[in-house]
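Colleague: My structure file structure37.cif, mmCIF, C-alpha atoms, is below:
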data_work
loop_
_atom_site.label_atom_id
_atom_site.label_comp_id
_atom_site.auth_asym_id
_atom_site.auth_seq_id
_atom_site.Cartn_x
_atom_site.Cartn_y
_atom_site.Cartn_z
CA MET A 1 9.08 -8.68 19.55
CA PRO A 2 10.14 -6.31 22.32
CA ALA A 3 13.13 -4.05 21.90
CA ASP A 4 15.47 -3.80 24.85
CA GLY A 5 17.98 -1.33 26.18
CA GLY A 6 16.59 1.58 24.20
CA ARG A 7 17.27 -0.17 20.90
CA PRO A 8 14.95 0.85 18.07
CA LEU A 9 12.66 -1.30 15.97
CA VAL A 10 13.47 -1.17 12.27
CA LEU A 11 10.80 -2.15 9.78
CA GLU A 12 12.02 -2.87 6.26
CA VAL A 13 9.61 -3.03 3.34
CA ALA A 14 10.76 -2.99 -0.28
CA ARG A 15 14.32 -2.01 0.75
CA ILE A 16 12.93 1.04 2.56
CA GLY A 17 13.35 1.31 6.30
CA LEU A 18 11.36 2.88 9.11
CA GLU A 19 13.21 3.05 12.40
CA VAL A 20 11.28 3.87 15.55
CA ARG A 21 12.85 4.80 18.85
CA ALA A 22 11.11 5.36 22.16
CA ALA A 23 11.70 8.81 23.64
CA ASP A 24 11.46 7.19 27.05
CA PRO A 25 13.94 4.29 27.38
CA GLY A 26 11.65 2.76 29.98
CA LEU A 27 9.09 1.93 27.30
CA ARG A 28 9.16 -1.44 25.58
CA LEU A 29 8.88 -1.26 21.80
CA VAL A 30 6.63 -4.02 20.46
CA ALA A 31 5.84 -5.06 16.89
CA GLU A 32 2.63 -6.75 15.76
CA PRO A 33 2.87 -10.38 14.57
CA ALA A 34 2.43 -9.50 10.89
CA HIS A 35 5.34 -7.06 11.08
CA MET A 36 7.82 -9.39 12.74
CA PRO A 37 9.13 -10.99 9.53
CA PHE A 38 9.82 -7.48 8.27
CA LEU A 39 11.90 -6.36 11.25
CA THR A 40 15.60 -6.16 10.60
CA GLU A 41 18.76 -5.85 12.63
CA ALA A 42 20.77 -4.86 9.58
CA THR A 43 21.39 -1.32 8.42
CA VAL A 44 18.85 -0.15 5.86
CA GLU A 45 20.45 2.39 3.56
CA ASP A 46 17.22 4.24 2.80
CA CYS A 47 15.70 4.56 6.26
CA ALA A 48 13.43 7.08 7.97
CA SER A 49 13.75 7.61 11.69
CA VAL A 50 10.98 8.46 14.13
CA THR A 51 11.14 9.07 17.87
CA LEU A 52 7.90 8.52 19.74
CA GLY A 53 7.10 9.45 23.28
CA PRO A 54 4.11 9.74 25.58
CA ALA A 55 1.90 12.78 25.30
CA SER A 56 2.19 15.03 28.30
CA GLY A 57 -1.54 15.62 28.53
CA ARG A 58 -4.65 13.59 27.78
CA GLN A 59 -4.08 13.89 24.03
CA ALA A 60 -1.34 13.98 21.47
CA ARG A 61 -0.50 17.39 20.07
CA LYS A 62 -3.39 18.95 18.16
CA ALA A 63 -2.87 20.08 14.60
CA SER A 64 -2.05 23.76 14.24
CA GLY A 65 -0.87 24.25 10.69
CA LYS A 66 -2.26 24.60 7.20
CA MET A 67 -4.41 21.63 6.25
CA LEU A 68 -2.95 19.75 3.30
CA PHE A 69 -5.14 16.68 3.38
CA ASP A 70 -7.91 15.29 5.55
CA THR A 71 -9.25 11.78 5.11
CA GLY A 72 -12.37 12.94 6.92
CA SER A 73 -11.91 10.22 9.45
CA VAL A 74 -8.76 8.67 10.80
CA TRP A 75 -5.81 10.81 9.74
CA ARG A 76 -4.84 14.28 8.59
CA LEU A 77 -1.78 15.96 7.14
CA GLU A 78 -0.90 19.56 7.84
CA GLU A 79 1.91 21.91 6.95
CA VAL A 80 3.67 23.42 9.94
CA GLY A 81 6.43 25.76 8.75
CA ASP A 82 8.57 23.61 6.46
CA ASN A 83 7.44 20.44 8.18
CA ARG A 84 4.58 17.97 7.82
CA LEU A 85 2.37 17.05 10.76
CA LEU A 86 0.48 13.76 10.66
CA THR A 87 -2.29 13.29 13.21
CA PHE A 88 -4.33 10.14 13.79
CA ARG A 89 -7.70 9.80 15.46
CA SER A 90 -10.12 7.04 16.30
CA PRO A 91 -13.69 7.16 17.58
CA LEU A 92 -12.58 4.65 20.19
CA PHE A 93 -10.26 7.27 21.72
CA GLY A 94 -12.33 10.42 21.46
CA ARG A 95 -12.14 13.40 19.12
CA ASP A 96 -8.54 14.34 19.79
CA PRO A 97 -5.51 12.74 18.17
CA TYR A 98 -4.10 9.61 19.76
CA LEU A 99 -0.91 10.09 17.72
CA SER A 100 0.79 13.08 16.13
CA VAL A 101 4.15 13.01 14.38
CA GLU A 102 5.97 15.96 12.85
CA PHE A 103 8.23 15.13 9.91
CA ASP A 104 10.54 17.05 7.67
CA ARG A 105 9.30 17.48 4.09
CA GLU A 106 10.94 14.26 2.93
CA TYR A 107 9.53 12.22 5.81
CA ALA A 108 13.08 11.23 6.70
CA ARG A 109 13.01 12.34 10.35
CA GLY A 110 10.03 12.57 12.65
CA VAL A 111 9.25 13.29 16.28
CA GLY A 112 5.90 12.38 17.73
CA GLU A 113 3.84 11.87 20.81
CA THR A 114 1.04 9.50 21.54
CA LEU A 115 -1.84 9.20 23.97
CA VAL A 116 -1.05 7.19 27.09
CA GLY A 117 -3.65 4.44 27.23
CA GLY A 118 -4.31 4.71 23.49
CA PRO A 119 -3.78 2.16 20.71
CA ILE A 120 -0.05 2.92 20.39
CA LEU A 121 1.02 3.22 24.02
CA ALA A 122 -0.45 1.32 26.92
CA ALA A 123 0.87 -0.58 29.93
CA GLY A 124 4.46 0.55 29.29
CA GLU A 125 4.44 -0.90 25.75
CA LEU A 126 4.85 1.21 22.63
CA HIS A 127 3.33 -0.35 19.49
CA PRO A 128 4.55 1.96 16.72
CA PHE A 129 3.48 -0.11 13.73
CA VAL A 130 -0.26 0.22 14.18
CA TYR A 131 -2.33 0.74 11.05
CA PRO A 132 -2.47 3.18 9.40
CA PHE A 133 0.55 5.11 10.77
CA ASP A 134 3.36 2.99 9.35
CA GLU A 135 1.59 2.49 6.02
CA VAL A 136 0.97 6.22 5.60
CA VAL A 137 4.66 6.96 6.25
CA PHE A 138 5.77 4.35 3.71
CA LEU A 139 3.24 5.68 1.23
CA ALA A 140 4.58 9.22 1.63
CA ARG A 141 8.15 8.04 1.15
CA LEU A 142 7.29 5.86 -1.83
CA SER A 143 5.68 8.86 -3.52
CA ARG A 144 9.07 10.63 -3.48
CA GLY A 145 10.18 8.71 -6.55
CA ARG A 146 10.67 5.36 -4.87
CA GLY A 147 7.72 3.29 -6.09
CA VAL A 148 4.00 2.67 -5.86
CA LEU A 149 1.94 0.77 -3.30
CA VAL A 150 -0.93 -1.15 -4.90
CA HIS A 151 -3.99 -3.00 -3.67
CA ALA A 152 -3.00 -6.40 -4.92
CA CYS A 153 -2.13 -9.99 -4.29
CA GLY A 154 1.41 -10.64 -5.44
CA LEU A 155 3.20 -13.94 -5.81
CA ALA A 156 6.50 -15.36 -6.95
CA LEU A 157 6.34 -18.32 -9.29
CA GLY A 158 9.81 -19.69 -9.87
CA GLY A 159 11.35 -16.24 -9.67
CA ARG A 160 8.66 -14.66 -11.82
CA GLY A 161 6.38 -12.13 -10.21
CA LEU A 162 2.67 -12.07 -10.91
CA LEU A 163 0.49 -9.25 -9.65
CA PHE A 164 -3.29 -9.49 -9.23
CA LEU A 165 -4.82 -6.07 -8.61
CA GLY A 166 -8.25 -5.55 -7.09
CA THR A 167 -10.14 -3.41 -4.64
CA SER A 168 -11.84 -4.96 -1.62
CA GLY A 169 -13.99 -7.93 -2.59
CA ALA A 170 -12.33 -8.45 -5.97
CA GLY A 171 -10.81 -11.78 -4.98
CA LYS A 172 -7.22 -11.08 -3.89
CA SER A 173 -7.27 -13.40 -0.89
CA THR A 174 -9.15 -15.99 -2.92
CA THR A 175 -6.47 -15.73 -5.60
CA ALA A 176 -3.75 -16.16 -2.97
CA ARG A 177 -5.48 -19.28 -1.62
CA LEU A 178 -5.96 -20.82 -5.07
CA TRP A 179 -2.28 -20.35 -5.96
CA LYS A 180 -1.16 -21.60 -2.56
CA GLU A 181 -3.19 -24.76 -3.09
CA ARG A 182 -1.48 -25.26 -6.46
CA GLY A 183 1.89 -25.08 -4.72
CA GLY A 184 5.30 -23.95 -5.92
CA VAL A 185 4.60 -20.30 -5.24
CA THR A 186 5.48 -17.74 -2.57
CA ILE A 187 2.66 -15.39 -1.67
CA LEU A 188 4.25 -11.97 -1.15
CA SER A 189 1.01 -10.48 0.17
CA ASP A 190 -2.70 -11.00 -0.36
CA ASP A 191 -3.54 -7.29 -0.07
CA ARG A 192 -0.69 -4.80 -0.44
CA ILE A 193 2.31 -4.94 -2.77
CA VAL A 194 5.03 -2.40 -3.42
CA ILE A 195 6.25 -2.02 -7.00
CA ARG A 196 9.68 -0.50 -7.60
CA ALA A 197 11.65 0.05 -10.78
CA GLU A 198 14.68 -2.16 -11.22
CA GLY A 199 16.89 -1.72 -14.27
CA ASP A 200 14.66 -1.78 -17.33
CA GLY A 201 11.95 -3.63 -15.44
CA TYR A 202 10.12 -3.77 -12.14
CA ARG A 203 10.24 -5.73 -8.91
CA ILE A 204 7.31 -6.48 -6.61
CA TYR A 205 7.75 -6.70 -2.85
CA GLY A 206 5.71 -8.28 -0.08
CA THR A 207 4.44 -6.06 2.74
CA PRO A 208 3.18 -6.66 6.28
CA TRP A 209 -0.17 -5.04 5.47
CA HIS A 210 -1.89 -8.25 4.51
CA GLY A 211 -5.51 -9.03 3.85
CA GLU A 212 -8.00 -11.50 5.17
CA ALA A 213 -5.98 -14.57 4.26
CA GLY A 214 -3.09 -13.27 6.34
CA TRP A 215 -0.26 -13.94 3.91
CA GLU A 216 2.77 -11.71 3.98
CA THR A 217 6.37 -12.48 3.08
CA PRO A 218 9.38 -10.15 3.09
CA ALA A 219 10.45 -11.39 -0.34
CA SER A 220 10.37 -10.01 -3.85
CA ALA A 221 10.24 -11.07 -7.49
CA ARG A 222 10.80 -9.56 -10.92
CA LEU A 223 7.43 -8.43 -12.22
CA ASP A 224 6.37 -10.47 -15.25
CA ALA A 225 2.69 -9.63 -15.66
CA VAL A 226 -0.15 -7.68 -14.10
CA TYR A 227 -3.72 -8.96 -13.93
CA ILE A 228 -6.77 -6.82 -13.08
CA LEU A 229 -9.14 -9.06 -11.13
CA ASP A 230 -12.72 -9.28 -12.34
CA GLN A 231 -14.96 -12.06 -11.06
CA ALA A 232 -17.03 -13.52 -13.90
CA PRO A 233 -18.98 -16.65 -14.90
CA ARG A 234 -16.02 -17.91 -16.96
CA ASN A 235 -12.25 -17.57 -17.18
CA ARG A 236 -10.82 -15.22 -19.74
CA VAL A 237 -7.62 -13.22 -20.12
CA GLN A 238 -7.73 -10.01 -22.13
CA GLU A 239 -4.76 -7.78 -22.97
CA LEU A 240 -5.31 -4.13 -22.04
CA LYS A 241 -4.13 -1.12 -23.99
CA PRO A 242 -1.56 0.91 -22.02
CA SER A 243 -3.98 3.82 -21.55
CA THR A 244 -6.67 1.53 -20.14
CA ALA A 245 -4.08 -0.33 -18.10
CA VAL A 246 -2.85 2.87 -16.42
CA ALA A 247 -6.39 3.91 -15.43
CA GLN A 248 -7.19 0.46 -14.09
CA MET A 249 -3.97 0.30 -12.09
CA MET A 250 -4.31 3.85 -10.80
CA VAL A 251 -7.66 3.18 -9.10
CA ARG A 252 -6.11 0.16 -7.41
CA ALA A 253 -3.06 2.06 -6.21
CA PHE A 254 -2.36 4.21 -3.16
CA PRO A 255 -0.76 7.35 -4.54
CA ALA A 256 -0.08 10.37 -2.34
CA MET A 257 -3.45 12.03 -2.95
CA TRP A 258 -2.32 15.13 -1.07
CA ASP A 259 0.76 15.81 -3.14
CA GLN A 260 0.62 16.85 -6.80
CA LYS A 261 4.18 15.74 -7.49
CA GLY A 262 3.51 12.43 -5.81
CA LEU A 263 0.38 11.90 -7.90
CA GLU A 264 2.21 12.81 -11.09
CA PHE A 265 5.00 10.44 -10.18
CA ALA A 266 2.51 7.58 -9.70
CA VAL A 267 0.86 8.22 -13.07
CA ARG A 268 4.22 8.39 -14.87
CA PHE A 269 5.44 5.30 -13.05
CA LEU A 270 2.38 3.24 -13.97
CA ALA A 271 2.36 4.58 -17.56
CA ARG A 272 5.97 3.48 -18.03
CA LEU A 273 5.17 0.13 -16.44
CA ALA A 274 2.22 -0.40 -18.81
CA GLU A 275 4.59 0.06 -21.76
CA ARG A 276 7.03 -2.56 -20.49
CA VAL A 277 4.97 -5.19 -18.68
CA PRO A 278 1.85 -6.97 -19.96
CA VAL A 279 -1.26 -5.75 -18.17
CA ARG A 280 -4.30 -7.99 -18.61
CA ARG A 281 -7.85 -8.18 -17.37
CA LEU A 282 -8.48 -11.52 -15.68
CA GLN A 283 -12.12 -12.53 -15.67
CA PHE A 284 -12.18 -15.54 -13.44
CA LEU A 285 -14.11 -18.16 -11.58
CA PRO A 286 -13.02 -18.52 -7.95
CA ASP A 287 -11.63 -22.03 -8.41
CA ARG A 288 -8.43 -23.66 -9.60
CA THR A 289 -9.38 -23.28 -13.26
CA ALA A 290 -8.51 -19.59 -12.84
CA VAL A 291 -4.93 -20.59 -12.00
CA ASP A 292 -4.77 -22.80 -15.11
CA CYS A 293 -6.11 -19.93 -17.19
CA VAL A 294 -3.35 -17.60 -15.97
CA LEU A 295 -0.66 -20.26 -16.43
CA SER A 296 -1.74 -20.73 -20.02
CA ALA A 297 -1.17 -16.99 -20.56
CA VAL A 298 2.25 -16.99 -18.89
CA ASP A 299 4.95 -17.17 -21.56
CA MET B 1 4.45 15.61 -50.32
CA ASN B 2 3.95 13.74 -53.63
CA ARG B 3 1.23 11.21 -54.37
CA HIS B 4 3.50 8.24 -53.66
CA ASP B 5 4.42 9.53 -50.21
CA GLY B 6 0.80 10.26 -49.41
CA SER B 7 -0.42 6.75 -50.20
CA ARG B 8 2.40 5.19 -48.18
CA HIS B 9 1.51 7.44 -45.26
CA ALA B 10 -2.16 6.43 -45.54
CA ALA B 11 -1.25 2.75 -45.52
CA THR B 12 0.68 3.04 -42.26
CA ARG B 13 -1.69 5.42 -40.54
CA ARG B 14 -3.75 3.98 -37.68
CA ALA B 15 -7.51 4.17 -37.95
CA TYR B 16 -9.00 7.07 -36.05
CA GLU B 17 -10.28 6.09 -32.66
CA ALA B 18 -12.64 8.51 -30.99
CA PRO B 19 -11.77 9.52 -27.43
CA ASN B 20 -13.57 7.34 -25.02
CA LEU B 21 -14.46 8.51 -21.52
CA ARG B 22 -14.64 5.60 -19.13
CA ARG B 23 -15.87 5.84 -15.57
CA VAL B 24 -13.78 4.00 -13.00
CA ARG B 25 -15.01 3.33 -9.50
CA LEU B 26 -12.83 4.66 -6.69
CA VAL B 27 -13.37 3.76 -3.06
CA PRO B 28 -12.11 6.90 -1.29
CA ASP B 29 -11.70 5.32 2.14
CA GLU B 30 -9.52 2.61 0.69
CA ALA B 31 -7.53 4.95 -1.51
CA VAL B 32 -6.34 7.04 1.43
CA LEU B 33 -5.87 4.28 3.98
CA ALA B 34 -8.89 5.26 6.00
CA SER B 35 -10.78 1.99 5.86
CA CYS B 36 -10.54 -0.90 8.25
CA LYS B 37 -7.66 -3.32 8.43
CA ASN B 38 -7.65 -6.70 10.05
CA ASN B 39 -6.62 -7.40 13.62
CA ALA B 40 -3.15 -8.66 12.79
CA THR B 41 -1.96 -5.27 11.60
CA ALA B 42 -4.07 -3.19 13.97
CA GLY B 43 -2.20 -3.38 17.23
CA PRO B 44 -3.31 -4.35 20.69
CA ALA B 45 -6.48 -2.26 20.58
CA GLY B 46 -7.72 -4.00 17.43
CA PRO B 47 -8.99 -2.15 14.35
CA ILE B 48 -9.28 1.54 15.22
CA GLN B 49 -11.02 2.88 12.15
CA LYS B 50 -14.52 4.30 11.86
CA CYS B 51 -15.94 0.87 11.08
CA THR B 52 -15.67 0.20 14.80
CA GLY B 53 -18.73 2.38 15.07
CA ASN B 54 -20.26 1.51 11.72
CA PRO B 55 -19.82 -2.08 10.51
CA ALA B 56 -21.49 -1.15 7.23
CA VAL B 57 -18.31 0.54 6.00
CA CYS B 58 -15.99 -2.19 7.19
CA SER B 59 -13.94 -3.93 4.52
CA HIS B 60 -12.40 -6.29 7.04
CA ASN B 61 -14.18 -9.34 5.65
CA ALA B 62 -13.49 -8.53 2.04
CA SER B 63 -10.61 -9.98 0.10
#
Just dump the structure as structure tokens.
Modeller:
Amino acid sequence: MPADGGRPLVLEVARIGLEVRAADPGLRLVAEPAHMPFLTEATVEDCASVTLGPASGRQARKASGKMLFDTGSVWRLEEVGDNRLLTFRSPLFGRDPYLSVEFDREYARGVGETLVGGPILAAGELHPFVYPFDEVVFLARLSRGRGVLVHACGLALGGRGLLFLGTSGAGKSTTARLWKERGGVTILSDDRIVIRAEGDGYRIYGTPWHGEAGWETPASARLDAVYILDQAPRNRVQELKPSTAVAQMMVRAFPAMWDQKGLEFAVRFLARLAERVPVRRLQFLPDRTAVDCVLSAVD
Amino acid sequence: MNRHDGSRHAATRRAYEAPNLRRVRLVPDEAVLASCKNNATAGPAGPIQKCTGNPAVCSHNAS
């Protein structure tokens, strides 16, 4: 979806916004297909704003601050004065950053530049929502007390939210497919779900960062139960103690690893959740009997 | 504490459970958003992570 007349693109995930403007009004802002359902024309109350422009040289600005976190591969976070500098690299585009964005400490405002001819900016089109930039920004903002992003398939079943957590290969997309075949459900995402507190409970939100099955929906549901996926020769549901549940959820979450307060927030958030929402281990066969097994456990 | 109080306390006390250290497997690349994503969320250049040079670390085909 191209933006016109210098209008920004606004991505909304879990009631959190990310607005991107092009520094050069001659550039067309373009969103990827998976992000289009999450674009909004409405005002998002809690919204970050980023202005992106072309790098003046053959690379985006190089990092020059104190290193806070380095993934060792595709992105880094540095402290520059009071600000935070995110830089992104890819072996496809050499050793230097193809994107660098400097934010304030709350990641509310950012200004960045990107390599001309790189993955973000080419042929007069600016593609701001290219993985992992947008996801990293949301993750940083979530860690400021807003919620937790988890590696999970989430679905809404008649207004009730079920969450199936698992790392790669655990069966999230398979789970999404099995429930879709059953019908009567909305798949919020088959790979990434945002959990936010709501009243005394929790709400799960779909995200555009979907998995192999390609399901993503900008919808939400009240969280009723959490299942930790575990492929096995038979179906079985086992209640987990809160302490075990927190550990199992934590390794399937995306906390802000670089920020002690953000990490502590994620642990507290998941610990509180484990006290209020049933967390169960789901040993399952990858067929429809797994769905029946879960339904039998749903109150 | 008298004898009566002590026996009531013992009846409601939970059995001692020794601390149990459990190892959980963490996939660092996944945990910090450094692993591969699929084409639909990767932009016009396709996936731009290190798996482009090393398919062995690609999680693109996983669930």
Colleague: Dump as a VMD selection string the residues of chain A that approach chain B to within 7 Å, counting all atoms listed in the file.
Modeller: chain A and resid 32 to 34 71 73 to 74 90 to 92 119 127 130 to 132 168 to 174 209 211 to 212 251 254
Colleague: Give me a file of those residues, with C-alpha atoms, as a PDB file, in the frame of the given file.
Modeller:
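What landed in selection_10.pdb:
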ATOM      1  CA  GLU A  32       2.630  -6.750  15.760  1.00  0.00           C
ATOM      2  CA  PRO A  33       2.870 -10.380  14.570  1.00  0.00           C
ATOM      3  CA  ALA A  34       2.430  -9.500  10.890  1.00  0.00           C
ATOM      4  CA  THR A  71      -9.250  11.780   5.110  1.00  0.00           C
ATOM      5  CA  SER A  73     -11.910  10.220   9.450  1.00  0.00           C
ATOM      6  CA  VAL A  74      -8.760   8.670  10.800  1.00  0.00           C
ATOM      7  CA  SER A  90     -10.120   7.040  16.300  1.00  0.00           C
ATOM      8  CA  PRO A  91     -13.690   7.160  17.580  1.00  0.00           C
ATOM      9  CA  LEU A  92     -12.580   4.650  20.190  1.00  0.00           C
ATOM     10  CA  PRO A 119      -3.780   2.160  20.710  1.00  0.00           C
ATOM     11  CA  HIS A 127       3.330  -0.350  19.490  1.00  0.00           C
ATOM     12  CA  VAL A 130      -0.260   0.220  14.180  1.00  0.00           C
ATOM     13  CA  TYR A 131      -2.330   0.740  11.050  1.00  0.00           C
ATOM     14  CA  PRO A 132      -2.470   3.180   9.400  1.00  0.00           C
ATOM     15  CA  SER A 168     -11.840  -4.960  -1.620  1.00  0.00           C
ATOM     16  CA  GLY A 169     -13.990  -7.930  -2.590  1.00  0.00           C
ATOM     17  CA  ALA A 170     -12.330  -8.450  -5.970  1.00  0.00           C
ATOM     18  CA  GLY A 171     -10.810 -11.780  -4.980  1.00  0.00           C
ATOM     19  CA  LYS A 172      -7.220 -11.080  -3.890  1.00  0.00           C
ATOM     20  CA  SER A 173      -7.270 -13.400  -0.890  1.00  0.00           C
ATOM     21  CA  THR A 174      -9.150 -15.990  -2.920  1.00  0.00           C
ATOM     22  CA  TRP A 209      -0.170  -5.040   5.470  1.00  0.00           C
ATOM     23  CA  GLY A 211      -5.510  -9.030   3.850  1.00  0.00           C
ATOM     24  CA  GLU A 212      -8.000 -11.500   5.170  1.00  0.00           C
ATOM     25  CA  VAL A 251      -7.660   3.180  -9.100  1.00  0.00           C
ATOM     26  CA  PHE A 254      -2.360   4.210  -3.160  1.00  0.00           C
TER      27      PHE A 254
END
Colleague: Give me, as a PyMOL selection string, all polymer residues having an atom no more than 6 Å from Phe38 in chain A, counting only C-alpha atoms and skipping those fewer than 6 positions away in the same chain.
Modeller: chain A and resi 11-12+218
Colleague: Figure out the distance between CA of Glu239 in chain A and CA of Pro278 in chain A, please, to one decimal in Å.
Modeller: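 CA of Pro278 in chain A sits 7.3 Å away from CA of Glu239 in chain A.
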Colleague: Every residue with an atom at most 7 Å from (9.3, -0.6, -0.4) (file coordinates; only C-alpha atoms) is what I'm after, so could you write them as a PDB file with C-alpha atoms, in the coordinates of the input?
Modeller:
ATOM      1  CA  VAL A  13       9.610  -3.030   3.340  1.00  0.00           C
ATOM      2  CA  ALA A  14      10.760  -2.990  -0.280  1.00  0.00           C
ATOM      3  CA  ARG A  15      14.320  -2.010   0.750  1.00  0.00           C
ATOM      4  CA  ILE A  16      12.930   1.040   2.560  1.00  0.00           C
ATOM      5  CA  LEU A 142       7.290   5.860  -1.830  1.00  0.00           C
ATOM      6  CA  VAL A 194       5.030  -2.400  -3.420  1.00  0.00           C
ATOM      7  CA  TYR A 205       7.750  -6.700  -2.850  1.00  0.00           C
TER       8      TYR A 205
END
Colleague: Write out as an MDAnalysis selection string each polymer residue whose atoms come within 6 Å of Gln283 in chain A, counting only C-alpha atoms; drop sequence neighbours fewer than 2 positions from it.
Modeller: chainID A and resid 230:232 235:236
Colleague: Excluding same-chain residues fewer than 6 positions from Ala140 in chain A, what lies within 12 Å of it counting only C-alpha atoms, as a PDB file with C-alpha atoms, in the coordinates of the input?
Modeller:
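Dumped everything to result.pdb:
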ATOM      1  CA  ILE A  16      12.930   1.040   2.560  1.00  0.00           C
ATOM      2  CA  LEU A  18      11.360   2.880   9.110  1.00  0.00           C
ATOM      3  CA  ALA A  48      13.430   7.080   7.970  1.00  0.00           C
ATOM      4  CA  LEU A  77      -1.780  15.960   7.140  1.00  0.00           C
ATOM      5  CA  ARG A  84       4.580  17.970   7.820  1.00  0.00           C
ATOM      6  CA  LEU A  86       0.480  13.760  10.660  1.00  0.00           C
ATOM      7  CA  PHE A 103       8.230  15.130   9.910  1.00  0.00           C
ATOM      8  CA  ASP A 104      10.540  17.050   7.670  1.00  0.00           C
ATOM      9  CA  ARG A 105       9.300  17.480   4.090  1.00  0.00           C
ATOM     10  CA  GLU A 106      10.940  14.260   2.930  1.00  0.00           C
ATOM     11  CA  TYR A 107       9.530  12.220   5.810  1.00  0.00           C
ATOM     12  CA  ALA A 108      13.080  11.230   6.700  1.00  0.00           C
ATOM     13  CA  PHE A 133       0.550   5.110  10.770  1.00  0.00           C
ATOM     14  CA  ASP A 134       3.360   2.990   9.350  1.00  0.00           C
ATOM     15  CA  ARG A 146      10.670   5.360  -4.870  1.00  0.00           C
ATOM     16  CA  GLY A 147       7.720   3.290  -6.090  1.00  0.00           C
ATOM     17  CA  VAL A 148       4.000   2.670  -5.860  1.00  0.00           C
ATOM     18  CA  LEU A 149       1.940   0.770  -3.300  1.00  0.00           C
ATOM     19  CA  PHE A 254      -2.360   4.210  -3.160  1.00  0.00           C
ATOM     20  CA  PRO A 255      -0.760   7.350  -4.540  1.00  0.00           C
ATOM     21  CA  ALA A 256      -0.080  10.370  -2.340  1.00  0.00           C
ATOM     22  CA  MET A 257      -3.450  12.030  -2.950  1.00  0.00           C
ATOM     23  CA  TRP A 258      -2.320  15.130  -1.070  1.00  0.00           C
ATOM     24  CA  ASP A 259       0.760  15.810  -3.140  1.00  0.00           C
ATOM     25  CA  LYS A 261       4.180  15.740  -7.490  1.00  0.00           C
ATOM     26  CA  GLY A 262       3.510  12.430  -5.810  1.00  0.00           C
ATOM     27  CA  LEU A 263       0.380  11.900  -7.900  1.00  0.00           C
ATOM     28  CA  PHE A 265       5.000  10.440 -10.180  1.00  0.00           C
ATOM     29  CA  ALA A 266       2.510   7.580  -9.700  1.00  0.00           C
TER      30      ALA A 266
ATOM     31  CA  VAL B  32      -6.340   7.040   1.430  1.00  0.00           C
ATOM     32  CA  LEU B  33      -5.870   4.280   3.980  1.00  0.00           C
TER      33      LEU B  33
END
Colleague: May I ask which of the residues A:Ala152, A:Arg177, A:Pro8, A:Pro97 is the closest one to Thr40 in chain A, counting only C-alpha atoms?
Modeller: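 Checking each candidate against Thr40 in chain A, we get A:Pro8 as the closest.
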Colleague: Would you mind listing what lies within 9 Å of Val277 in chain A as a list in words, with only C-alpha atoms counted and same-chain residues fewer than 2 positions away left out?
Modeller: Gly201, Tyr202, Leu223, Asp224, Ala225, Val226, Arg272, Leu273, Ala274, Glu275 and Val279 of chain A
Colleague: I want to know what sits within 7 Å of Leu99 in chain A, based on all atoms listed in the file, with residues of the same chain fewer than 5 positions away left out; could you give that as a PDB file with C-alpha atoms, in the frame of the given file?
Modeller:
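And here is the file that came out, result26.pdb:
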ATOM      1  CA  ALA A  60      -1.340  13.980  21.470  1.00  0.00           C
ATOM      2  CA  THR A  87      -2.290  13.290  13.210  1.00  0.00           C
ATOM      3  CA  PHE A  88      -4.330  10.140  13.790  1.00  0.00           C
ATOM      4  CA  GLU A 113       3.840  11.870  20.810  1.00  0.00           C
ATOM      5  CA  THR A 114       1.040   9.500  21.540  1.00  0.00           C
ATOM      6  CA  LEU A 115      -1.840   9.200  23.970  1.00  0.00           C
TER       7      LEU A 115
END
Colleague: CA of Tyr227 in chain A and CA of Leu39 in chain A are how many Å apart?
Modeller: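 Interatomic distance, CA of Tyr227 in chain A to CA of Leu39 in chain A: 29.7 Å.
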Colleague: Which value, in Å to one decimal, gives the distance between CA of Val137 in chain A and CA of Val150 in chain A?
Modeller: 14.9 Å
Colleague: Take the PyMOL selection byres ((chain A and resi 244-248) around 8), run it mentally on this structure, and tell me the resulting residues as a ChimeraX atom specification.
Modeller: /A:228,240-243,249-252,267,270-271,274,279-280 /B:24
Colleague: So what does the PyMOL selection byres ((chain A and resi 187) around 10) actually pick up in this one, as a list in words?
Modeller: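 This file gives the following for the PyMOL selection byres ((chain A and resi 187) around 10): Cys153, Gly154, Leu155, Ala156, Leu157, Gly161, Leu162, Thr175, Ala176, Arg177, Trp179, Lys180, Gly184, Val185, Thr186, Leu188, Ser189, Asp190, Gly206, Trp215, Glu216, Thr217, Pro218, Ala219 and Ser220 of chain A.
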Colleague: Export C-alpha atoms of the chosen residues as a short mmCIF file (atom, residue, chain, number, x, y, z; two decimals), in the coordinates of the input?
Modeller:
data_model
loop_
_atom_site.label_atom_id
_atom_site.label_comp_id
_atom_site.auth_asym_id
_atom_site.auth_seq_id
_atom_site.Cartn_x
_atom_site.Cartn_y
_atom_site.Cartn_z
CA CYS A 153 -2.13 -9.99 -4.29
CA GLY A 154 1.41 -10.64 -5.44
CA LEU A 155 3.20 -13.94 -5.81
CA ALA A 156 6.50 -15.36 -6.95
CA LEU A 157 6.34 -18.32 -9.29
CA GLY A 161 6.38 -12.13 -10.21
CA LEU A 162 2.67 -12.07 -10.91
CA THR A 175 -6.47 -15.73 -5.60
CA ALA A 176 -3.75 -16.16 -2.97
CA ARG A 177 -5.48 -19.28 -1.62
CA TRP A 179 -2.28 -20.35 -5.96
CA LYS A 180 -1.16 -21.60 -2.56
CA GLY A 184 5.30 -23.95 -5.92
CA VAL A 185 4.60 -20.30 -5.24
CA THR A 186 5.48 -17.74 -2.57
CA LEU A 188 4.25 -11.97 -1.15
CA SER A 189 1.01 -10.48 0.17
CA ASP A 190 -2.70 -11.00 -0.36
CA GLY A 206 5.71 -8.28 -0.08
CA TRP A 215 -0.26 -13.94 3.91
CA GLU A 216 2.77 -11.71 3.98
CA THR A 217 6.37 -12.48 3.08
CA PRO A 218 9.38 -10.15 3.09
CA ALA A 219 10.45 -11.39 -0.34
CA SER A 220 10.37 -10.01 -3.85
#
